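Peer 1: input28.txt is the file, holding compact mmCIF, C-alpha atoms:
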```
# COMPACT_ATOMS: atom_id res chain seq x y z
CA MET A 898 -206.92 17.33 -55.87
CA THR A 899 -205.00 16.61 -59.03
CA ASP A 900 -206.06 12.96 -59.32
CA LYS A 901 -209.40 13.44 -60.96
CA THR A 902 -209.28 17.06 -61.97
CA THR A 903 -209.08 18.45 -65.48
CA PRO A 904 -206.36 20.90 -66.50
CA GLU A 905 -209.00 23.64 -66.58
CA GLU A 906 -210.07 22.84 -63.04
CA ARG A 907 -206.47 22.97 -61.90
CA LEU A 908 -205.99 26.30 -63.66
CA SER A 909 -209.12 27.64 -62.05
CA ALA A 910 -208.14 26.41 -58.58
CA TRP A 911 -204.65 27.84 -59.08
CA LEU A 912 -206.13 31.26 -59.85
CA ASP A 913 -208.15 31.02 -56.65
CA GLY A 914 -205.19 29.95 -54.55
CA ALA A 915 -207.06 26.74 -53.81
CA LEU A 916 -204.24 24.31 -54.70
CA SER A 917 -201.92 22.91 -52.08
CA PRO A 918 -198.36 24.28 -52.26
CA GLU A 919 -197.20 21.07 -53.98
CA GLU A 920 -200.05 21.16 -56.48
CA ALA A 921 -199.44 24.82 -57.15
CA ALA A 922 -195.74 24.20 -57.77
CA ALA A 923 -196.54 21.35 -60.15
CA PHE A 924 -199.06 23.49 -61.95
CA GLU A 925 -196.66 26.40 -62.26
CA ALA A 926 -194.09 24.07 -63.78
CA GLU A 927 -196.76 23.02 -66.27
CA LEU A 928 -197.47 26.67 -67.05
CA GLU A 929 -193.80 27.20 -67.87
CA ARG A 930 -193.81 24.31 -70.30
CA ASN A 931 -197.11 25.10 -71.93
CA PRO A 932 -197.45 28.59 -73.44
CA GLU A 933 -201.01 27.93 -74.50
CA LEU A 934 -201.99 27.16 -70.92
CA ALA A 935 -200.09 30.22 -69.73
CA GLU A 936 -201.98 32.36 -72.21
CA ARG A 937 -205.27 30.95 -71.02
CA ALA A 938 -204.26 31.60 -67.41
CA ALA A 939 -203.53 35.23 -68.23
CA SER A 940 -206.79 35.59 -70.09
CA TRP A 941 -208.86 34.02 -67.30
CA ARG A 942 -207.16 36.14 -64.72
CA ALA A 943 -207.84 39.29 -66.73
CA ASN A 944 -211.51 38.32 -67.13
CA ASP A 945 -211.80 37.67 -63.39
CA SER A 946 -210.29 40.93 -62.40
CA PHE A 947 -212.31 42.86 -64.95
CA ILE A 948 -215.60 41.40 -63.74
CA ALA A 949 -214.73 41.69 -60.05
CA GLY A 950 -213.55 45.26 -60.63
CA ALA A 951 -216.67 46.21 -62.59
CA LEU A 952 -218.94 44.83 -59.88
CA ALA A 953 -216.92 46.20 -56.97
CA PRO A 954 -218.60 49.61 -56.86
CA LEU A 955 -222.00 47.97 -56.47
CA ALA A 956 -221.09 47.08 -52.88
CA ASP A 957 -219.88 50.62 -52.21
CA GLN A 958 -223.23 52.21 -52.82
CA PRO A 959 -224.94 53.03 -49.56
CA ILE A 960 -228.27 51.39 -48.96
CA GLY A 961 -230.72 54.26 -48.73
CA ASP A 962 -232.83 54.88 -45.66
CA ASP A 963 -235.99 54.41 -47.70
CA LEU A 964 -234.86 51.02 -48.86
CA LEU A 965 -233.85 50.03 -45.35
CA ALA A 966 -237.24 51.12 -44.08
CA GLN A 967 -238.97 49.13 -46.82
CA MET A 968 -237.09 46.06 -45.69
CA GLY A 969 -237.95 46.60 -42.04
CA LEU A 970 -234.34 47.42 -41.22
CA ALA A 971 -234.67 51.08 -40.36
CA GLU A 972 -232.97 50.85 -37.02
CA PRO A 973 -230.99 53.95 -36.07
CA GLN A 974 -227.50 53.49 -37.37
CA PRO A 975 -224.44 55.19 -35.94
CA MET A 976 -223.44 58.29 -37.77
CA PRO A 977 -220.32 57.85 -39.85
CA ILE A 978 -217.36 59.74 -38.53
CA ALA A 979 -216.28 62.44 -40.93
CA ALA A 980 -212.89 62.19 -42.51
CA ASN A 981 -210.37 63.98 -40.41
CA ASP A 982 -208.50 66.79 -42.03
CA ASN A 983 -205.59 66.57 -39.64
CA PRO A 984 -202.68 65.12 -41.63
CA VAL A 985 -201.20 63.16 -38.75
CA TRP A 986 -204.42 62.30 -37.12
CA TRP A 987 -203.29 60.08 -34.28
CA ARG A 988 -201.04 62.70 -32.82
CA ARG A 989 -204.15 64.59 -31.88
CA SER A 990 -204.63 62.05 -29.17
CA TRP A 991 -201.52 63.33 -27.44
CA VAL A 992 -203.51 66.47 -26.85
CA PRO A 993 -206.18 66.21 -24.18
CA VAL A 994 -209.66 65.85 -25.51
CA GLY A 995 -211.03 68.59 -27.64
CA GLY A 996 -211.75 69.43 -31.20
CA ALA A 997 -214.12 68.15 -33.77
CA LEU A 998 -212.97 64.55 -33.75
CA ALA A 999 -213.68 64.09 -30.06
CA ALA A 1000 -217.00 65.86 -30.35
CA GLY A 1001 -217.93 63.63 -33.25
CA LEU A 1002 -217.02 60.51 -31.33
CA ALA A 1003 -218.98 61.61 -28.29
CA LEU A 1004 -222.01 62.26 -30.45
CA VAL A 1005 -221.74 58.88 -32.06
CA LEU A 1006 -221.43 57.17 -28.70
CA VAL A 1007 -224.54 58.89 -27.48
CA LEU A 1008 -226.41 57.78 -30.57
CA ASN A 1009 -225.13 54.28 -30.37
CA GLN A 1010 -225.83 53.18 -26.87
CA ARG A 1011 -227.24 49.79 -27.66
CA PRO A 1012 -224.76 47.08 -28.51
CA ALA A 1013 -225.47 45.49 -31.88
CA ALA A 1014 -224.32 42.01 -30.97
CA LEU A 1015 -223.52 39.60 -33.73
CA PRO A 1016 -225.26 36.28 -33.28
CA LEU A 1017 -221.99 34.54 -33.95
CA ASP A 1018 -219.46 32.87 -31.76
CA GLY A 1019 -216.75 33.86 -34.17
CA GLY A 1020 -214.68 35.87 -31.70
CA LEU A 1021 -212.47 38.84 -32.10
CA SER A 1022 -211.26 38.31 -35.65
CA LEU A 1023 -214.74 37.92 -37.04
CA ALA A 1024 -215.93 40.98 -35.16
CA LEU A 1025 -213.01 43.01 -36.50
CA ASP A 1026 -213.67 41.70 -39.98
CA THR A 1027 -217.32 42.66 -40.02
CA THR A 1028 -218.11 45.43 -37.54
CA PRO A 1029 -218.04 49.01 -38.79
CA ALA A 1030 -216.26 51.55 -36.62
CA LEU A 1031 -218.27 52.83 -33.69
CA GLN A 1032 -220.71 49.96 -33.85
CA GLN A 1033 -220.53 47.40 -31.14
CA ALA A 1034 -220.51 43.65 -31.46
CA ARG A 1035 -220.85 41.20 -28.63
CA LEU A 1036 -218.43 38.32 -28.57
CA ALA A 1037 -219.39 34.79 -27.61
CA ASP A 1038 -217.92 35.31 -24.14
CA GLY A 1039 -220.20 38.27 -23.51
CA ARG A 1040 -217.59 41.01 -23.91
CA THR A 1041 -218.39 43.88 -26.23
CA ILE A 1042 -216.00 45.02 -28.89
CA GLU A 1043 -216.22 48.32 -30.67
CA PRO A 1044 -213.84 49.16 -33.50
CA VAL A 1045 -212.85 52.80 -33.20
CA LEU A 1046 -211.17 53.40 -36.51
CA THR A 1047 -209.52 51.76 -39.47
CA ALA A 1048 -206.25 52.93 -40.98
CA ARG A 1049 -203.50 51.52 -43.15
CA ALA A 1050 -200.09 50.85 -41.63
CA ALA A 1051 -196.92 51.87 -43.43
CA ASP A 1052 -196.30 48.21 -44.30
CA GLY A 1053 -199.61 48.07 -46.18
CA ARG A 1054 -201.62 46.15 -43.60
CA TRP A 1055 -205.02 47.36 -42.51
CA CYS A 1056 -205.18 48.11 -38.83
CA ARG A 1057 -208.10 48.76 -36.52
CA GLU A 1058 -208.13 50.42 -33.17
CA TYR A 1059 -210.82 48.97 -30.96
CA ARG A 1060 -212.22 48.91 -27.47
CA LEU A 1061 -212.74 45.49 -26.00
CA ALA A 1062 -214.33 45.48 -22.57
CA ASP A 1063 -212.08 47.87 -20.60
CA GLN A 1064 -209.15 47.51 -22.97
CA THR A 1065 -208.17 49.58 -25.95
CA GLY A 1066 -206.16 47.82 -28.60
CA ILE A 1067 -204.88 47.99 -32.10
CA ALA A 1068 -204.80 44.98 -34.41
CA CYS A 1069 -203.54 44.66 -37.96
CA ARG A 1070 -204.70 42.21 -40.54
CA THR A 1071 -202.44 39.72 -42.27
CA GLY A 1072 -203.50 36.95 -44.63
CA GLN A 1073 -203.95 34.77 -41.56
CA GLY A 1074 -206.24 37.16 -39.73
CA TRP A 1075 -205.89 39.90 -37.14
CA LYS A 1076 -202.78 40.28 -35.05
CA VAL A 1077 -202.93 42.40 -31.92
CA GLU A 1078 -200.17 45.01 -32.04
CA ALA A 1079 -200.86 46.72 -28.74
CA GLU A 1080 -203.41 46.62 -25.99
CA GLY A 1081 -203.87 48.61 -22.83
CA LYS A 1082 -206.46 49.67 -20.36
CA THR A 1083 -208.89 52.22 -21.74
CA PRO A 1084 -207.85 55.41 -20.00
CA ALA A 1085 -211.03 57.17 -19.01
CA PRO A 1086 -214.44 55.96 -17.87
CA GLN A 1087 -216.99 56.43 -20.62
CA THR A 1088 -219.82 58.06 -18.80
CA GLY A 1089 -222.57 60.00 -20.45
CA GLY A 1090 -221.14 59.35 -23.88
CA ASP A 1091 -218.08 61.34 -22.93
CA ILE A 1092 -214.83 59.88 -24.05
CA GLN A 1093 -211.24 60.67 -23.49
CA LEU A 1094 -208.75 60.14 -26.22
CA ALA A 1095 -205.63 60.82 -24.26
CA GLY A 1096 -203.97 59.94 -21.02
CA GLY A 1097 -203.10 56.72 -19.26
CA ALA A 1098 -200.84 53.83 -20.00
CA GLY A 1099 -203.25 52.26 -22.50
CA SER A 1100 -203.43 55.42 -24.52
CA ALA A 1101 -199.65 55.75 -24.53
CA ALA A 1102 -199.35 52.16 -25.72
CA ILE A 1103 -201.80 52.79 -28.54
CA ASN A 1104 -200.10 56.01 -29.56
CA ALA A 1105 -196.76 54.26 -29.55
CA ALA A 1106 -198.20 51.48 -31.69
CA HIS A 1107 -199.61 54.00 -34.17
CA ALA A 1108 -196.22 55.69 -34.33
CA ARG A 1109 -194.42 52.40 -34.80
CA LEU A 1110 -196.88 51.19 -37.43
CA GLY A 1111 -196.89 54.52 -39.22
CA THR A 1112 -200.66 54.40 -39.62
CA ALA A 1113 -202.09 56.78 -42.17
CA ASP A 1114 -205.26 58.82 -41.82
CA PRO A 1115 -208.24 56.73 -40.76
CA LEU A 1116 -210.67 55.69 -43.44
CA ASP A 1117 -214.02 57.36 -43.69
CA ALA A 1118 -217.15 55.29 -43.22
CA ALA A 1119 -217.60 54.55 -46.92
CA GLY A 1120 -214.01 53.44 -47.35
CA GLU A 1121 -214.24 51.21 -44.35
CA GLN A 1122 -217.56 49.78 -45.50
CA ALA A 1123 -216.00 48.95 -48.85
CA LEU A 1124 -213.14 47.14 -47.15
CA ILE A 1125 -215.53 45.15 -44.97
CA ALA A 1126 -217.61 44.36 -48.01
CA LYS A 1127 -214.71 42.95 -49.95
CA GLY A 1128 -213.40 40.96 -47.02
CA TRP A 1129 -210.33 43.17 -46.51
CA GLY A 1130 -209.01 42.46 -49.94
CA ASP A 1131 -208.34 38.78 -49.58
CA ARG A 1132 -210.27 35.69 -50.45
CA MET B 1389 -229.39 33.75 -26.19
CA ALA B 1390 -231.35 35.03 -23.25
CA ASP B 1391 -232.86 38.19 -24.61
CA PRO B 1392 -234.97 37.72 -27.72
CA GLY B 1393 -235.19 41.47 -28.33
CA SER B 1394 -231.45 41.82 -28.29
CA ASP B 1395 -231.09 38.79 -30.57
CA ALA B 1396 -233.48 40.27 -33.10
CA GLN B 1397 -231.62 43.54 -32.99
CA ALA B 1398 -228.31 41.74 -33.39
CA MET B 1399 -229.63 39.85 -36.37
CA ARG B 1400 -230.87 43.05 -37.97
CA ALA B 1401 -227.48 44.67 -37.46
CA ALA B 1402 -225.71 41.71 -39.03
CA ILE B 1403 -228.13 41.75 -41.97
CA VAL B 1404 -227.60 45.47 -42.51
CA ALA B 1405 -223.84 44.95 -42.48
CA ALA B 1406 -224.19 42.24 -45.13
CA LEU B 1407 -226.50 44.26 -47.39
CA PRO B 1408 -223.98 45.93 -49.72
CA ARG B 1409 -222.45 42.61 -50.69
CA LEU B 1410 -225.83 40.93 -50.82
CA ARG B 1411 -227.01 43.57 -53.24
CA ARG B 1412 -223.97 43.05 -55.44
CA PHE B 1413 -224.49 39.29 -55.40
CA CYS B 1414 -228.17 39.70 -56.27
CA ARG B 1415 -227.41 42.05 -59.14
CA GLY B 1416 -224.78 39.69 -60.47
CA LEU B 1417 -227.13 36.77 -60.18
CA THR B 1418 -230.05 38.43 -61.92
CA GLY B 1419 -227.93 40.49 -64.31
CA HIS B 1420 -230.23 43.39 -63.63
CA GLY B 1421 -230.22 46.29 -61.20
CA GLU B 1422 -233.93 46.37 -60.40
CA ASP B 1423 -234.37 42.63 -60.35
CA GLY B 1424 -231.30 42.41 -58.15
CA ASP B 1425 -232.73 44.88 -55.67
CA ASP B 1426 -236.06 43.04 -55.69
CA LEU B 1427 -234.19 39.84 -54.95
CA MET B 1428 -232.27 41.54 -52.16
CA GLN B 1429 -235.51 42.74 -50.60
CA SER B 1430 -237.12 39.30 -50.81
CA THR B 1431 -233.98 37.84 -49.28
CA VAL B 1432 -234.05 40.21 -46.34
CA GLU B 1433 -237.74 39.57 -45.82
CA ARG B 1434 -237.14 35.83 -45.80
CA ALA B 1435 -234.10 36.17 -43.52
CA LEU B 1436 -235.99 38.27 -40.98
CA GLY B 1437 -238.90 35.84 -41.07
CA ARG B 1438 -236.65 32.87 -40.55
CA ALA B 1439 -234.05 34.33 -38.27
CA HIS B 1440 -234.76 31.53 -35.80
CA LEU B 1441 -233.39 29.08 -38.38
CA PHE B 1442 -230.06 30.85 -38.56
CA GLU B 1443 -227.32 28.61 -37.29
CA ALA B 1444 -225.35 30.43 -34.62
CA GLY B 1445 -221.65 30.45 -35.30
CA THR B 1446 -222.04 30.59 -39.08
CA ARG B 1447 -221.77 33.64 -41.31
CA VAL B 1448 -224.84 35.77 -41.74
CA ASP B 1449 -223.67 36.94 -45.17
CA ALA B 1450 -223.23 33.35 -46.38
CA TRP B 1451 -226.64 32.45 -45.05
CA MET B 1452 -228.17 35.36 -46.95
CA PHE B 1453 -226.33 34.44 -50.14
CA ARG B 1454 -227.91 31.00 -49.87
CA ILE B 1455 -231.39 32.42 -49.33
CA ALA B 1456 -230.93 34.81 -52.27
CA ARG B 1457 -229.73 32.10 -54.54
CA ASN B 1458 -232.61 29.77 -53.65
CA LEU B 1459 -235.16 32.54 -54.12
CA HIS B 1460 -233.60 33.38 -57.47
CA ILE B 1461 -233.86 29.79 -58.65
CA ASP B 1462 -237.49 29.64 -57.53
CA ALA B 1463 -238.29 32.87 -59.34
CA VAL B 1464 -236.57 31.75 -62.52
CA ARG B 1465 -238.42 28.44 -62.44
CA ALA B 1466 -241.69 30.24 -61.92
CA GLY B 1467 -240.85 32.42 -64.92
CA SER B 1468 -241.19 35.61 -62.93
CA ARG B 1469 -237.66 36.77 -63.41
CA ARG B 1470 -235.35 37.01 -66.35
CA GLY B 1471 -233.27 33.94 -65.83
CA GLN B 1472 -232.76 32.50 -69.23
CA GLN B 1473 -229.30 32.26 -70.47
CA ILE B 1474 -228.67 34.89 -73.05
CA ASP B 1475 -227.28 33.52 -76.24
CA ILE B 1476 -223.80 34.67 -76.99
CA GLU B 1477 -224.71 35.92 -80.46
CA GLU B 1478 -227.53 37.88 -78.96
CA ILE B 1479 -225.10 39.53 -76.62
CA ALA B 1480 -222.93 40.62 -79.49
CA GLU B 1481 -226.01 42.20 -81.04
CA THR B 1482 -227.04 44.08 -77.95
CA ARG B 1483 -223.55 45.33 -77.29
CA GLY B 1484 -223.46 49.09 -77.33
CA GLU B 1485 -227.21 49.59 -77.44
CA ASP B 1486 -228.89 51.26 -74.60
CA GLY B 1487 -231.68 48.76 -74.96
CA ARG B 1488 -233.78 46.52 -72.75
CA ASP B 1489 -231.18 43.86 -72.23
CA LEU B 1490 -228.56 46.30 -71.17
CA VAL B 1491 -229.26 46.58 -67.54
CA GLU B 1492 -226.67 49.03 -66.38
CA ASN B 1493 -225.52 52.15 -68.04
CA ARG B 1494 -221.91 52.12 -67.19
CA SER B 1495 -220.11 50.24 -69.86
CA ASP B 1496 -217.77 48.17 -67.69
CA LEU B 1497 -220.56 46.97 -65.51
CA ALA B 1498 -222.73 46.25 -68.52
CA ALA B 1499 -219.93 44.30 -70.18
CA ALA B 1500 -219.30 42.32 -67.00
CA GLN B 1501 -222.99 41.59 -66.60
CA ARG B 1502 -223.22 40.45 -70.21
CA ALA B 1503 -220.30 38.11 -69.72
CA LEU B 1504 -221.85 36.71 -66.54
CA GLN B 1505 -225.14 36.13 -68.28
CA THR B 1506 -223.47 33.77 -70.73
CA VAL B 1507 -222.88 31.41 -67.84
CA PRO B 1508 -225.55 29.02 -66.52
CA GLU B 1509 -226.94 30.01 -63.16
CA ASP B 1510 -225.20 27.33 -61.09
CA GLN B 1511 -221.81 28.27 -62.49
CA ARG B 1512 -222.55 31.98 -62.22
CA SER B 1513 -223.41 31.61 -58.52
CA ALA B 1514 -220.12 29.83 -57.86
CA PHE B 1515 -218.19 32.45 -59.83
CA LEU B 1516 -219.82 35.37 -58.04
CA LEU B 1517 -219.29 33.86 -54.61
CA VAL B 1518 -215.62 33.03 -55.11
CA VAL B 1519 -214.33 35.60 -57.58
CA VAL B 1520 -216.44 38.62 -56.65
CA GLU B 1521 -217.37 38.01 -53.01
CA GLY B 1522 -214.11 36.31 -52.07
CA LEU B 1523 -215.56 33.23 -50.42
CA SER B 1524 -213.35 30.17 -50.13
CA TYR B 1525 -214.31 27.03 -52.04
CA ARG B 1526 -215.55 25.51 -48.82
CA GLU B 1527 -217.71 28.51 -47.97
CA ALA B 1528 -219.11 28.64 -51.49
CA ALA B 1529 -219.83 24.91 -51.30
CA GLU B 1530 -221.81 25.49 -48.11
CA VAL B 1531 -223.79 28.34 -49.64
CA LEU B 1532 -224.65 26.33 -52.72
CA GLU B 1533 -225.03 23.08 -50.79
CA VAL B 1534 -222.76 21.10 -53.07
CA PRO B 1535 -219.40 19.38 -52.59
CA VAL B 1536 -216.20 21.42 -52.88
CA GLY B 1537 -215.28 19.48 -56.03
CA THR B 1538 -218.45 20.74 -57.67
CA ILE B 1539 -217.47 24.32 -56.91
CA MET B 1540 -214.12 23.68 -58.56
CA SER B 1541 -215.65 22.28 -61.71
CA ARG B 1542 -218.34 24.98 -61.89
CA LEU B 1543 -215.69 27.69 -61.61
CA ALA B 1544 -213.60 26.13 -64.36
CA ARG B 1545 -216.62 25.87 -66.64
CA ALA B 1546 -217.73 29.41 -65.82
CA ARG B 1547 -214.30 30.82 -66.61
CA SER B 1548 -214.04 28.81 -69.78
CA ARG B 1549 -217.42 30.01 -70.91
CA ILE B 1550 -216.76 33.62 -70.05
CA ASP B 1551 -213.48 33.46 -71.93
CA ALA B 1552 -215.18 31.98 -74.97
CA ALA B 1553 -217.89 34.64 -74.88
CA VAL B 1554 -215.33 37.38 -74.61
CA GLY B 1555 -213.37 35.94 -77.50
CA ARG B 1556 -216.44 35.68 -79.68
CA SER B 1557 -217.71 39.16 -79.01
CA GLY B 1558 -214.32 40.42 -80.05
CA GLY B 1559 -211.87 42.73 -78.43
CA GLY B 1560 -212.09 41.26 -74.96
CA LEU B 1561 -214.17 42.50 -72.11
CA GLN B 1562 -212.63 45.89 -71.97
```
As structure tokens, what does this structure read like?
Peer 2:
Amino acid sequence: MTDKTTPEERLSAWLDGALSPEEAAAFEAELERNPELAERAASWRANDSFIAGALAPLADQPIGDDLLAQMGLAEPQPMPIAANDNPVWWRRSWVPVGGALAAGLALVLVLNQRPAALPLDGGLSLALDTTPALQQARLADGRTIEPVLTARAADGRWCREYRLADQTGIACRTGQGWKVEAEGKTPAPQTGGDIQLAGGAGSAAINAAHARLGTADPLDAAGEQALIAKGWGDR
Amino acid sequence: MADPGSDAQAMRAAIVAALPRLRRFCRGLTGHGEDGDDLMQSTVERALGRAHLFEAGTRVDAWMFRIARNLHIDAVRAGSRRGQQIDIEEIAETRGEDGRDLVENRSDLAAAQRALQTVPEDQRSAFLLVVVEGLSYREAAEVLEVPVGTIMSRLARARSRIDAAVGRSGGGLQ
């Protein structure tokens, strides 16, 4: 990349993490030697983050129902799950079903019977990257995945609990993509929109994973949408 | 894809999921809230009408960015949308007014939009895709249908131009 590139192109590519490790190291050595270049790098980086930060909220604004209808997109959407006021939310799932969270989930499942398959063959990672909680996406192999919730682990990674066919799992996102932290058989049959949050080996595995990961409260729909919109914070 | 109804529904769901970012991209491209939303609507209309042309296995959001960008270029060429580059001096003059050229009320957004409007459209598209939407160079190259090297040079020129504009208007972006 360095053969025919200008110093400004190298600076730009360095800011974007688009240089190879060798090129980046060479460029960083150049930055050390050249204060003017270093100053420009700082200035460009500040401009980038200012502009990206100023535009970020634009993707957080919900698209109104009227606008969706105008665009011919007024399909019924799943209701967002309300933020849970329980401070250690996942421990609720030790308790057999009950309470507002379970009722909310059941309602959403009833409203969201039809799988919204993505016309992509991109597999699990892509589905986890792009599918809001409680919406379903169909994978290339025909299985249906449904993210259940999104929460941040104690180590800072974003994690998603999901149902994939008859399995329940939890995966956390690193720079390289999603890594499955635990998976187990979904405990209860989901008939009539009824769901069971507790019981069974799968549930115990998921609870143990949440405990090990130290996951915080799950994000609300808007927070999750924002994360999806910005590609989970990486580029 | 055996079931056309299910495919259409799947496409709609993917389009809806991409809308918030598409709207941001459109507003960044046009520099204007209303024009951006108009562009978003035209993009969705075009995407729904041409869903059969969507290449399975590629990203719906990237496909929509490409449609939006092409529609924007067409509209600018036809003179139906503000697409002219705003002169840097003119920007300094409009700074702080709540006038016609200031498209958003919030000052950070307005300042960012002004800076973006100093950049020619091809460079602005590359900048928005990579810096704001987080696409890789390769993905941005596919959206804009140019080689990766072109993305690199457009980004460098965009950043250089934005930096110059910021310097000239004094006091930086913030």
Peer 1: Could you tell me which residues of chain B sit within 8 Å of chain A when counting only C-alpha atoms, and give me the result as number ranges by chain?
Peer 2: B: 1394-1395, 1397-1402, 1404-1409, 1411-1412, 1416, 1429, 1432-1433, 1444-1447, 1496-1497, 1500-1501, 1518-1525, 1540-1541, 1543-1545, 1547-1548, 1550-1551, 1561-1562
Peer 1: Include C-alpha atoms and write out the residues we just selected as an mmCIF file, keeping the file's coordinate frame.
Peer 2:
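What ended up in again-v4.cif:
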```cif
data_model
loop_
_atom_site.group_PDB
_atom_site.id
_atom_site.type_symbol
_atom_site.label_atom_id
_atom_site.label_comp_id
_atom_site.auth_asym_id
_atom_site.auth_seq_id
_atom_site.Cartn_x
_atom_site.Cartn_y
_atom_site.Cartn_z
ATOM 1 C CA SER B 1394 -231.450 41.820 -28.290
ATOM 2 C CA ASP B 1395 -231.090 38.790 -30.570
ATOM 3 C CA GLN B 1397 -231.620 43.540 -32.990
ATOM 4 C CA ALA B 1398 -228.310 41.740 -33.390
ATOM 5 C CA MET B 1399 -229.630 39.850 -36.370
ATOM 6 C CA ARG B 1400 -230.870 43.050 -37.970
ATOM 7 C CA ALA B 1401 -227.480 44.670 -37.460
ATOM 8 C CA ALA B 1402 -225.710 41.710 -39.030
ATOM 9 C CA VAL B 1404 -227.600 45.470 -42.510
ATOM 10 C CA ALA B 1405 -223.840 44.950 -42.480
ATOM 11 C CA ALA B 1406 -224.190 42.240 -45.130
ATOM 12 C CA LEU B 1407 -226.500 44.260 -47.390
ATOM 13 C CA PRO B 1408 -223.980 45.930 -49.720
ATOM 14 C CA ARG B 1409 -222.450 42.610 -50.690
ATOM 15 C CA ARG B 1411 -227.010 43.570 -53.240
ATOM 16 C CA ARG B 1412 -223.970 43.050 -55.440
ATOM 17 C CA GLY B 1416 -224.780 39.690 -60.470
ATOM 18 C CA GLN B 1429 -235.510 42.740 -50.600
ATOM 19 C CA VAL B 1432 -234.050 40.210 -46.340
ATOM 20 C CA GLU B 1433 -237.740 39.570 -45.820
ATOM 21 C CA ALA B 1444 -225.350 30.430 -34.620
ATOM 22 C CA GLY B 1445 -221.650 30.450 -35.300
ATOM 23 C CA THR B 1446 -222.040 30.590 -39.080
ATOM 24 C CA ARG B 1447 -221.770 33.640 -41.310
ATOM 25 C CA ASP B 1496 -217.770 48.170 -67.690
ATOM 26 C CA LEU B 1497 -220.560 46.970 -65.510
ATOM 27 C CA ALA B 1500 -219.300 42.320 -67.000
ATOM 28 C CA GLN B 1501 -222.990 41.590 -66.600
ATOM 29 C CA VAL B 1518 -215.620 33.030 -55.110
ATOM 30 C CA VAL B 1519 -214.330 35.600 -57.580
ATOM 31 C CA VAL B 1520 -216.440 38.620 -56.650
ATOM 32 C CA GLU B 1521 -217.370 38.010 -53.010
ATOM 33 C CA GLY B 1522 -214.110 36.310 -52.070
ATOM 34 C CA LEU B 1523 -215.560 33.230 -50.420
ATOM 35 C CA SER B 1524 -213.350 30.170 -50.130
ATOM 36 C CA TYR B 1525 -214.310 27.030 -52.040
ATOM 37 C CA MET B 1540 -214.120 23.680 -58.560
ATOM 38 C CA SER B 1541 -215.650 22.280 -61.710
ATOM 39 C CA LEU B 1543 -215.690 27.690 -61.610
ATOM 40 C CA ALA B 1544 -213.600 26.130 -64.360
ATOM 41 C CA ARG B 1545 -216.620 25.870 -66.640
ATOM 42 C CA ARG B 1547 -214.300 30.820 -66.610
ATOM 43 C CA SER B 1548 -214.040 28.810 -69.780
ATOM 44 C CA ILE B 1550 -216.760 33.620 -70.050
ATOM 45 C CA ASP B 1551 -213.480 33.460 -71.930
ATOM 46 C CA LEU B 1561 -214.170 42.500 -72.110
ATOM 47 C CA GLN B 1562 -212.630 45.890 -71.970
#
```
Peer 1: What does the structure give for the distance between atom CA of B:Gly1421 and atom CA of B:Leu1516, in Å to one decimal?
Peer 2: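 Between these atoms lies a distance of 15.4 Å.
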Peer 1: Write out as a ChimeraX atom specification each polymer residue whose atoms come within 10 Å of A:Asp1052, counting only C-alpha atoms; drop sequence neighbours fewer than 4 positions from it.
Peer 2: /A:1110-1112
Peer 1: What would the list of residues within 10 Å of (-201.6, 43.1, -32.2) (file frame) look like as a PDB file with C-alpha atoms, keeping the file's coordinate frame, if only C-alpha atoms are what count?
Peer 2:
```
ATOM      1  CA  CYS A1056    -205.180  48.110 -38.830  1.00  0.00           C
ATOM      2  CA  ARG A1057    -208.100  48.760 -36.520  1.00  0.00           C
ATOM      3  CA  GLU A1058    -208.130  50.420 -33.170  1.00  0.00           C
ATOM      4  CA  GLY A1066    -206.160  47.820 -28.600  1.00  0.00           C
ATOM      5  CA  ILE A1067    -204.880  47.990 -32.100  1.00  0.00           C
ATOM      6  CA  ALA A1068    -204.800  44.980 -34.410  1.00  0.00           C
ATOM      7  CA  CYS A1069    -203.540  44.660 -37.960  1.00  0.00           C
ATOM      8  CA  ARG A1070    -204.700  42.210 -40.540  1.00  0.00           C
ATOM      9  CA  TRP A1075    -205.890  39.900 -37.140  1.00  0.00           C
ATOM     10  CA  LYS A1076    -202.780  40.280 -35.050  1.00  0.00           C
ATOM     11  CA  VAL A1077    -202.930  42.400 -31.920  1.00  0.00           C
ATOM     12  CA  GLU A1078    -200.170  45.010 -32.040  1.00  0.00           C
ATOM     13  CA  ALA A1079    -200.860  46.720 -28.740  1.00  0.00           C
ATOM     14  CA  GLU A1080    -203.410  46.620 -25.990  1.00  0.00           C
ATOM     15  CA  ALA A1106    -198.200  51.480 -31.690  1.00  0.00           C
TER      16      ALA A1106
END
```
Peer 1: Residues at most 7 Å from B:Thr1431, counting all atoms listed in the file, excluding those fewer than 5 positions away in the same chain, as number ranges by chain?
Peer 2: B: 1452, 1455-1456
Peer 1: Let me make sure I understand: among A:Ala1048, A:Ile1042, A:Ala1030, A:Ala921, which one has the smallest atom-to-atom distance to A:Arg1060 if we use all atoms listed in the file?
Peer 2: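 Checking each candidate against A:Arg1060, we get A:Ile1042 as the closest.
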Peer 1: Between B:Ala1503, B:Ile1461, B:Met1428, B:Ala1498, single out the one closest to B:Gly1555, counting all atoms listed in the file.
Peer 2: B:Ala1503
Peer 1: How big is the axis-aligned box, and where does its centre sit, when it encloses all atoms of stretch 1499-1518 of chain B listed in the file and has 3 Å added on every side, reported in Å to one decimal as lines of an AutoDock Vina configuration file?
Peer 2:
```
center_x = -221.3
center_y = 35.8
center_z = -62.7
size_x = 17.3
size_y = 23.0
size_z = 22.1
```
Peer 1: Quick one, how far is atom CA of B:Val1507 from atom CA of B:Val1534?
Peer 2: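 These atoms are spaced 18.0 Å apart.
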